[in-house]
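Undergrad: Before I ask anything, here is the structure I am working with.
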Amino acid sequence: MKRQLTSFILSAVISIQCFAQDPAAQKFAAEITAKRTKKHLKVLASDKYEGRETGKRGAEMAAAYLAREFKKLKLTAPVKGSYLQDVELIETSIIVNSLEVNGKKLQYLTDFTFSGSGEAKIINTDEIIFIGSGTESDLKNTTIADKVVLLKQEGETAEINKRLNFIKNKKPTLIIAVNFDTTKPQHSHLAGASLSVKNGIRESVPMRANTPGVIQIGSEIADKILSRSGKTFGELNADNGSQLIKADVKLNYEPVKRGLKSSNVLGFLEGTDLKDELLVYSAHYDHIGMNPDGGKDKVFNGADDDASGTSGVLAIARAFAKAKNDGNGPRRSILFLMFTGEEKNLLGSEYYALNPVFPFAKTITNLNVDMIGRIGTDYLNSPDSSNYCFLVGADRLSTDLYKISENANAIYTKLKIDYKHNAPDDQIYYWSDHYNFAKNGVPVIFYYNGKHDDYHKGSDEISKINFELLAKRAQLAYYTGWDLVMRDKRPVVDVKD
Ligand SMILES: [Zn+2]
């Protein structure tokens, strides 16, 4: 009994030692406030910034704002004296040269829209297959590989996309989708240009090269296609099931590429005795741009995604800059890295990974913050709703990093840490910029509030941000970083992912 008591006291002493608070860390954490993150977020997510789409004016304005803020904090500009790293991109648009139906030329946008990808293609057929709504039972006894199919398209967007993917997997050469309720074509959100990094991984492999293109038309053009069959689209629809139809369809399209520039924004804070080693804080400042279907609200503000993370990282940068000013600067250097192109497939971080400004071998950890300003759907009715954070990746490469993170939370922020999205079969680990560090062997932690109903919608608004919660989560990333830049040994990479 006594013996047990002694060892209990001993372990209590040890744990008190390792759970001690660092007054200096706490002093500068006070810089990370709801008020300060709100100041930045209100600018970045304002309508003026037009949804910060990569390659567009709003994103350039956001990059300029971030560079100005870094300068105010007296961070070093590490890209040959600049805060901006040029990110060279290739924009690929598919141009329809001509579409002819039963000998009659159709007009792009007036009569039809088109979305496609891959190489140039000429399609020339004298028969098409009507596949009803394209359900499993509609396609049961029909082979549509290398055929042009005519589809009756109806229902919710999510249902439509699911069905289109189901049909695409059966490898038709072209899908003609009829929006039954309208005489005019719908503007598919799938249309438009795709971006890739110049000389990057995806540019050399045309994405979805074998994916069939989709023509969207209204019922008026559908009737023109059916003119030789003696039926209207309405009558055909009533017949049900798939059937062969005589119709001449000629389509000619090709990809057109052009160069495009955007920027990652980098601010550097030099360390002291261990300054060759580097901690990277990151967030993406880009979002998905303007919303043509938004009615009065034409901007995707992306307040949570990811103006929240960007504002959080700015506040963290201020805290460390202030610490350095007061003679409590980090021993290791810190890079604050705001990415472009995340929404276009992690392009800014892919570019950085191909052209790192600081060597990966010296990069000890990446703490990436994407969506930290909201209460996600999972927590709406939870007692922890205003005191939780999802963490992803902490234990995937380094057991040290996991312990450091847990320790920082236990001592200071006391959030409920949820590792649900860190499950091996969860895809979130691959879905934000930290992945481009992880695949280069750099341990990462991803901070995230979880999905909510406003994700990638016009309703991801400033008014819905919980700034107290945003600041608290940013403080967790700050305290974890404080330990990482101050400790004697960098976290060891000891886990095979
Ligand atoms: Zn995001």
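Numbering starts fresh at 1 for the residues of each chain in the structure tokens, the chains themselves are lettered A, B, ... in the order given, and ligands are numbered from 1 as they appear.
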Using only C-alpha atoms, determine which residues lie at most 10 Å from segment 93-97 of chain A, disregarding the query and same-chain residues fewer than 4 positions distant; provide the list as a PDB file with N, CA and C atoms, in the first residue's frame.

TA:
```pdb
ATOM      1  N   GLN A 107     -26.049  26.338 -81.667  1.00  0.00           N
ATOM      2  CA  GLN A 107     -25.254  27.418 -81.079  1.00  0.00           C
ATOM      3  C   GLN A 107     -24.894  27.108 -79.634  1.00  0.00           C
ATOM      4  N   TYR A 108     -23.599  27.201 -79.337  1.00  0.00           N
ATOM      5  CA  TYR A 108     -23.111  27.026 -77.973  1.00  0.00           C
ATOM      6  C   TYR A 108     -23.748  28.079 -77.068  1.00  0.00           C
ATOM      7  N   THR A 113     -24.972  23.547 -73.704  1.00  0.00           N
ATOM      8  CA  THR A 113     -23.683  23.755 -73.030  1.00  0.00           C
ATOM      9  C   THR A 113     -22.947  22.420 -73.054  1.00  0.00           C
ATOM     10  N   PHE A 114     -21.656  22.483 -72.781  1.00  0.00           N
ATOM     11  CA  PHE A 114     -20.859  21.267 -72.858  1.00  0.00           C
ATOM     12  C   PHE A 114     -19.819  21.246 -71.747  1.00  0.00           C
ATOM     13  N   SER A 115     -19.643  20.099 -71.120  1.00  0.00           N
ATOM     14  CA  SER A 115     -18.501  19.937 -70.220  1.00  0.00           C
ATOM     15  C   SER A 115     -17.797  18.643 -70.582  1.00  0.00           C
ATOM     16  N   GLY A 116     -16.490  18.741 -70.657  1.00  0.00           N
ATOM     17  CA  GLY A 116     -15.714  17.561 -71.024  1.00  0.00           C
ATOM     18  C   GLY A 116     -14.278  17.753 -70.612  1.00  0.00           C
ATOM     19  N   SER A 117     -13.458  16.758 -70.867  1.00  0.00           N
ATOM     20  CA  SER A 117     -12.041  16.854 -70.523  1.00  0.00           C
ATOM     21  C   SER A 117     -11.270  15.936 -71.461  1.00  0.00           C
ATOM     22  N   GLY A 118      -9.961  15.973 -71.332  1.00  0.00           N
ATOM     23  CA  GLY A 118      -9.134  15.060 -72.126  1.00  0.00           C
ATOM     24  C   GLY A 118      -8.744  15.631 -73.470  1.00  0.00           C
ATOM     25  N   GLU A 119      -8.465  14.739 -74.400  1.00  0.00           N
ATOM     26  CA  GLU A 119      -7.913  15.107 -75.703  1.00  0.00           C
ATOM     27  C   GLU A 119      -8.999  15.566 -76.681  1.00  0.00           C
ATOM     28  N   ALA A 120      -8.538  16.116 -77.828  1.00  0.00           N
ATOM     29  CA  ALA A 120      -9.463  16.525 -78.893  1.00  0.00           C
ATOM     30  C   ALA A 120     -10.234  15.311 -79.404  1.00  0.00           C
ATOM     31  N   LYS A 121     -11.479  15.534 -79.811  1.00  0.00           N
ATOM     32  CA  LYS A 121     -12.303  14.395 -80.221  1.00  0.00           C
ATOM     33  C   LYS A 121     -13.291  14.812 -81.310  1.00  0.00           C
ATOM     34  N   ILE A 122     -13.530  13.903 -82.271  1.00  0.00           N
ATOM     35  CA  ILE A 122     -14.608  14.091 -83.248  1.00  0.00           C
ATOM     36  C   ILE A 122     -15.559  12.914 -83.094  1.00  0.00           C
ATOM     37  N   ALA A 191     -19.166  22.480 -66.015  1.00  0.00           N
ATOM     38  CA  ALA A 191     -18.482  23.062 -67.157  1.00  0.00           C
ATOM     39  C   ALA A 191     -17.374  23.989 -66.682  1.00  0.00           C
ATOM     40  N   GLY A 192     -16.591  24.496 -67.621  1.00  0.00           N
ATOM     41  CA  GLY A 192     -15.563  25.461 -67.266  1.00  0.00           C
ATOM     42  C   GLY A 192     -14.178  24.866 -67.306  1.00  0.00           C
ATOM     43  N   ALA A 193     -13.207  25.740 -67.077  1.00  0.00           N
ATOM     44  CA  ALA A 193     -11.818  25.352 -67.238  1.00  0.00           C
ATOM     45  C   ALA A 193     -11.315  24.564 -66.038  1.00  0.00           C
ATOM     46  N   SER A 194     -10.311  23.727 -66.267  1.00  0.00           N
ATOM     47  CA  SER A 194      -9.644  23.072 -65.156  1.00  0.00           C
ATOM     48  C   SER A 194      -8.213  23.582 -65.070  1.00  0.00           C
ATOM     49  N   LEU A 195      -7.656  23.599 -63.871  1.00  0.00           N
ATOM     50  CA  LEU A 195      -6.309  24.118 -63.666  1.00  0.00           C
ATOM     51  C   LEU A 195      -5.371  23.006 -63.257  1.00  0.00           C
ATOM     52  N   GLY A 213     -17.822  13.297 -72.551  1.00  0.00           N
ATOM     53  CA  GLY A 213     -18.336  14.651 -72.407  1.00  0.00           C
ATOM     54  C   GLY A 213     -19.840  14.628 -72.188  1.00  0.00           C
ATOM     55  N   LEU A 251     -20.122  16.008 -83.457  1.00  0.00           N
ATOM     56  CA  LEU A 251     -19.543  16.905 -82.457  1.00  0.00           C
ATOM     57  C   LEU A 251     -18.030  16.937 -82.615  1.00  0.00           C
ATOM     58  N   ASN A 252     -17.459  18.119 -82.501  1.00  0.00           N
ATOM     59  CA  ASN A 252     -16.014  18.292 -82.642  1.00  0.00           C
ATOM     60  C   ASN A 252     -15.543  19.229 -81.529  1.00  0.00           C
ATOM     61  N   TYR A 253     -14.688  18.714 -80.628  1.00  0.00           N
ATOM     62  CA  TYR A 253     -14.170  19.595 -79.556  1.00  0.00           C
ATOM     63  C   TYR A 253     -12.691  19.350 -79.297  1.00  0.00           C
ATOM     64  N   GLU A 254     -12.068  20.322 -78.646  1.00  0.00           N
ATOM     65  CA  GLU A 254     -10.641  20.172 -78.345  1.00  0.00           C
ATOM     66  C   GLU A 254     -10.254  20.983 -77.109  1.00  0.00           C
ATOM     67  N   PRO A 255      -9.210  20.525 -76.409  1.00  0.00           N
ATOM     68  CA  PRO A 255      -8.748  21.303 -75.263  1.00  0.00           C
ATOM     69  C   PRO A 255      -7.871  22.468 -75.726  1.00  0.00           C
ATOM     70  N   VAL A 256      -8.030  23.613 -75.090  1.00  0.00           N
ATOM     71  CA  VAL A 256      -7.167  24.759 -75.364  1.00  0.00           C
ATOM     72  C   VAL A 256      -6.495  25.160 -74.056  1.00  0.00           C
ATOM     73  N   LYS A 257      -5.175  25.298 -74.101  1.00  0.00           N
ATOM     74  CA  LYS A 257      -4.433  25.591 -72.870  1.00  0.00           C
ATOM     75  C   LYS A 257      -3.886  27.001 -72.875  1.00  0.00           C
ATOM     76  N   ARG A 258      -3.866  27.627 -71.697  1.00  0.00           N
ATOM     77  CA  ARG A 258      -3.152  28.891 -71.574  1.00  0.00           C
ATOM     78  C   ARG A 258      -2.493  28.974 -70.204  1.00  0.00           C
TER      79      ARG A 258
END
```

Undergrad: Any residue with an atom at most 7 Å from ligand 1 counts, using only C-alpha atoms and all ligand atoms. Which are they? Put them as a list in words.

TA: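 Protein and nucleic-acid residues within 7 Å of ligand 1: His284, Asp305, Asp306, Glu342, Glu343, Asp370, Met371 and Ser432 of chain A.
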
Undergrad: Select from segment 284-449 of chain A everything DSSP, run on the backbone, classes as strand (DSSP E or B), then give the selection as a ChimeraX atom specification.

TA: /A:284,287,290,299,332-339,363-369,388-392,416-418,444-448

Undergrad: Near segment 136-143 of chain A, counting only C-alpha atoms, which residues have an atom at most 7 Å away, once you skip same-chain residues fewer than 2 positions from it, shown as a count of residues only?

TA: 6

Undergrad: Mind listing the alpha helix (DSSP H) residues of segment 173-401 of chain A, per DSSP on the backbone, as a VMD selection string?

TA: chain A and resid 201 to 204 219 to 225 233 to 239 309 to 325 347 to 354 399 to 401

Undergrad: Looking at A:Phe166, A:Phe233, A:Phe268, A:Tyr448, which one is nearest to Val280 of chain A, with distances taken over only C-alpha atoms?

TA: A:Phe268

Undergrad: With only C-alpha atoms as the counted atoms, please give the residues lying no more than 10 Å from Gly341 of chain A, apart from itself and same-chain residues fewer than 3 positions off, as a PyMOL selection string.

TA: chain A and resi 52-55+59+87+89+195-197+262-264+284-288+344-351+433

Undergrad: As an exercise, work out the distance from atom CA of Leu354 of chain A to atom CA of Glu60 of chain A in Å and give it to one decimal place.

TA: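 That distance, rounded to one decimal, is 21.8 Å.
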
Undergrad: List the neighbours of Lys322 of chain A out to 10 Å using only C-alpha atoms; skip same-chain residues closer than 6 positions along the sequence, and give me the result as a PyMOL selection string.

TA: chain A and resi 27-28+31+73-74+316+328-329

Undergrad: Mind pulling up the distance from atom CA of Val392 of chain A to atom CA of Gln427 of chain A?

TA: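 A separation of 10.3 Å between them.
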
Undergrad: Any chance you could tabulate, as a Markdown table, the residues of segment 403-469 of chain A at most 12 Å from segment 39-45 of chain A with each one's nearest atom pair and distance in Å to one decimal, using only C-alpha atoms, in chain and rising number order?

TA:
```
| residue | atom | partner | partner_atom | distance |
| --- | --- | --- | --- | --- |
| A:Gly458 | CA | A:Ala45 | CA | 11.4 |
| A:Ser459 | CA | A:Ala45 | CA | 11.7 |
| A:Asp460 | CA | A:Ala45 | CA | 9.3 |
| A:Glu461 | CA | A:Ala45 | CA | 7.7 |
| A:Ile462 | CA | A:Lys42 | CA | 6.7 |
| A:Ser463 | CA | A:Lys42 | CA | 9.5 |
| A:Lys464 | CA | A:Lys42 | CA | 11.7 |
| A:Ile465 | CA | A:Leu41 | CA | 9.4 |
| A:Asn466 | CA | A:Leu41 | CA | 11.4 |
| A:Phe467 | CA | A:Leu41 | CA | 9.5 |
```

Undergrad: Mind writing the picked residues with N, CA and C atoms as an mmCIF file, in the first residue's frame?

TA:
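That gives us again-v3.cif:
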```
data_model
loop_
_atom_site.group_PDB
_atom_site.id
_atom_site.type_symbol
_atom_site.label_atom_id
_atom_site.label_comp_id
_atom_site.auth_asym_id
_atom_site.auth_seq_id
_atom_site.Cartn_x
_atom_site.Cartn_y
_atom_site.Cartn_z
ATOM 1 N N GLY A 458 -23.137 29.487 -51.183
ATOM 2 C CA GLY A 458 -23.179 30.940 -51.004
ATOM 3 C C GLY A 458 -23.412 31.325 -49.550
ATOM 4 N N SER A 459 -23.911 30.386 -48.770
ATOM 5 C CA SER A 459 -24.256 30.671 -47.373
ATOM 6 C C SER A 459 -23.091 30.475 -46.391
ATOM 7 N N ASP A 460 -21.875 30.232 -46.892
ATOM 8 C CA ASP A 460 -20.690 30.200 -46.007
ATOM 9 C C ASP A 460 -20.295 31.653 -45.718
ATOM 10 N N GLU A 461 -21.067 32.288 -44.821
ATOM 11 C CA GLU A 461 -21.017 33.742 -44.617
ATOM 12 C C GLU A 461 -20.282 34.129 -43.338
ATOM 13 N N ILE A 462 -19.832 35.380 -43.308
ATOM 14 C CA ILE A 462 -19.140 35.927 -42.133
ATOM 15 C C ILE A 462 -20.025 35.847 -40.885
ATOM 16 N N SER A 463 -21.332 36.124 -41.079
ATOM 17 C CA SER A 463 -22.247 36.180 -39.929
ATOM 18 C C SER A 463 -22.359 34.841 -39.204
ATOM 19 N N LYS A 464 -21.962 33.771 -39.847
ATOM 20 C CA LYS A 464 -22.108 32.450 -39.215
ATOM 21 C C LYS A 464 -20.846 31.986 -38.477
ATOM 22 N N ILE A 465 -19.803 32.820 -38.495
ATOM 23 C CA ILE A 465 -18.546 32.418 -37.850
ATOM 24 C C ILE A 465 -18.612 32.620 -36.342
ATOM 25 N N ASN A 466 -18.119 31.633 -35.608
ATOM 26 C CA ASN A 466 -17.980 31.712 -34.152
ATOM 27 C C ASN A 466 -16.515 32.093 -33.874
ATOM 28 N N PHE A 467 -16.274 33.382 -33.641
ATOM 29 C CA PHE A 467 -14.891 33.867 -33.555
ATOM 30 C C PHE A 467 -14.182 33.425 -32.280
#
```

Undergrad: Between A:Ala283, A:Val493, A:Ala361, A:Ala177, single out the one closest to Thr399 of chain A, counting only C-alpha atoms.

TA: A:Val493

Undergrad: Mind giving me the straight-line distance from atom CA of Gly302 of chain A to atom CA of Pro78 of chain A in Å, one decimal?

TA: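 Interatomic distance, atom CA of Gly302 of chain A to atom CA of Pro78 of chain A: 27.8 Å.
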
Undergrad: Near Tyr479 of chain A, within 9 Å and counting only C-alpha atoms, which residues show up once chain neighbours fewer than 4 positions away are dropped, as a ChimeraX atom specification?

TA: /A:25-26,29,405,408-409,412-413,474-475,483-484

Undergrad: Would you mind exporting N, CA and C atoms of the selected residues as a PDB file, in the first residue's frame?

TA:
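The resulting part-v8.pdb:
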```pdb
ATOM      1  N   ALA A  25       4.728  31.461 -23.189  1.00  0.00           N
ATOM      2  CA  ALA A  25       3.797  30.974 -24.217  1.00  0.00           C
ATOM      3  C   ALA A  25       2.410  31.574 -23.998  1.00  0.00           C
ATOM      4  N   GLN A  26       2.007  31.611 -22.730  1.00  0.00           N
ATOM      5  CA  GLN A  26       0.668  32.140 -22.414  1.00  0.00           C
ATOM      6  C   GLN A  26       0.546  33.627 -22.672  1.00  0.00           C
ATOM      7  N   ALA A  29       0.035  34.119 -26.359  1.00  0.00           N
ATOM      8  CA  ALA A  29      -1.223  33.513 -26.824  1.00  0.00           C
ATOM      9  C   ALA A  29      -2.368  34.513 -26.702  1.00  0.00           C
ATOM     10  N   SER A 405       1.141  17.507 -29.272  1.00  0.00           N
ATOM     11  CA  SER A 405      -0.172  18.097 -29.527  1.00  0.00           C
ATOM     12  C   SER A 405      -1.141  17.828 -28.363  1.00  0.00           C
ATOM     13  N   ALA A 408      -0.107  19.943 -25.356  1.00  0.00           N
ATOM     14  CA  ALA A 408      -0.456  21.362 -25.477  1.00  0.00           C
ATOM     15  C   ALA A 408      -1.936  21.571 -25.160  1.00  0.00           C
ATOM     16  N   ASN A 409      -2.749  20.666 -25.623  1.00  0.00           N
ATOM     17  CA  ASN A 409      -4.191  20.808 -25.366  1.00  0.00           C
ATOM     18  C   ASN A 409      -4.518  20.558 -23.888  1.00  0.00           C
ATOM     19  N   TYR A 412      -3.143  23.751 -21.907  1.00  0.00           N
ATOM     20  CA  TYR A 412      -3.631  25.106 -22.183  1.00  0.00           C
ATOM     21  C   TYR A 412      -5.082  25.187 -22.673  1.00  0.00           C
ATOM     22  N   THR A 413      -5.366  24.580 -23.823  1.00  0.00           N
ATOM     23  CA  THR A 413      -6.638  24.900 -24.486  1.00  0.00           C
ATOM     24  C   THR A 413      -7.813  24.027 -24.040  1.00  0.00           C
ATOM     25  N   ALA A 474      -7.193  28.202 -32.976  1.00  0.00           N
ATOM     26  CA  ALA A 474      -5.910  28.764 -33.426  1.00  0.00           C
ATOM     27  C   ALA A 474      -4.896  28.734 -32.283  1.00  0.00           C
ATOM     28  N   GLN A 475      -5.376  28.940 -31.052  1.00  0.00           N
ATOM     29  CA  GLN A 475      -4.468  28.885 -29.901  1.00  0.00           C
ATOM     30  C   GLN A 475      -3.901  27.483 -29.698  1.00  0.00           C
ATOM     31  N   ASP A 483       5.766  24.718 -28.504  1.00  0.00           N
ATOM     32  CA  ASP A 483       6.563  23.586 -28.008  1.00  0.00           C
ATOM     33  C   ASP A 483       7.527  23.104 -29.110  1.00  0.00           C
ATOM     34  N   LEU A 484       7.009  22.987 -30.339  1.00  0.00           N
ATOM     35  CA  LEU A 484       7.830  22.458 -31.439  1.00  0.00           C
ATOM     36  C   LEU A 484       9.057  23.335 -31.730  1.00  0.00           C
TER      37      LEU A 484
END
```
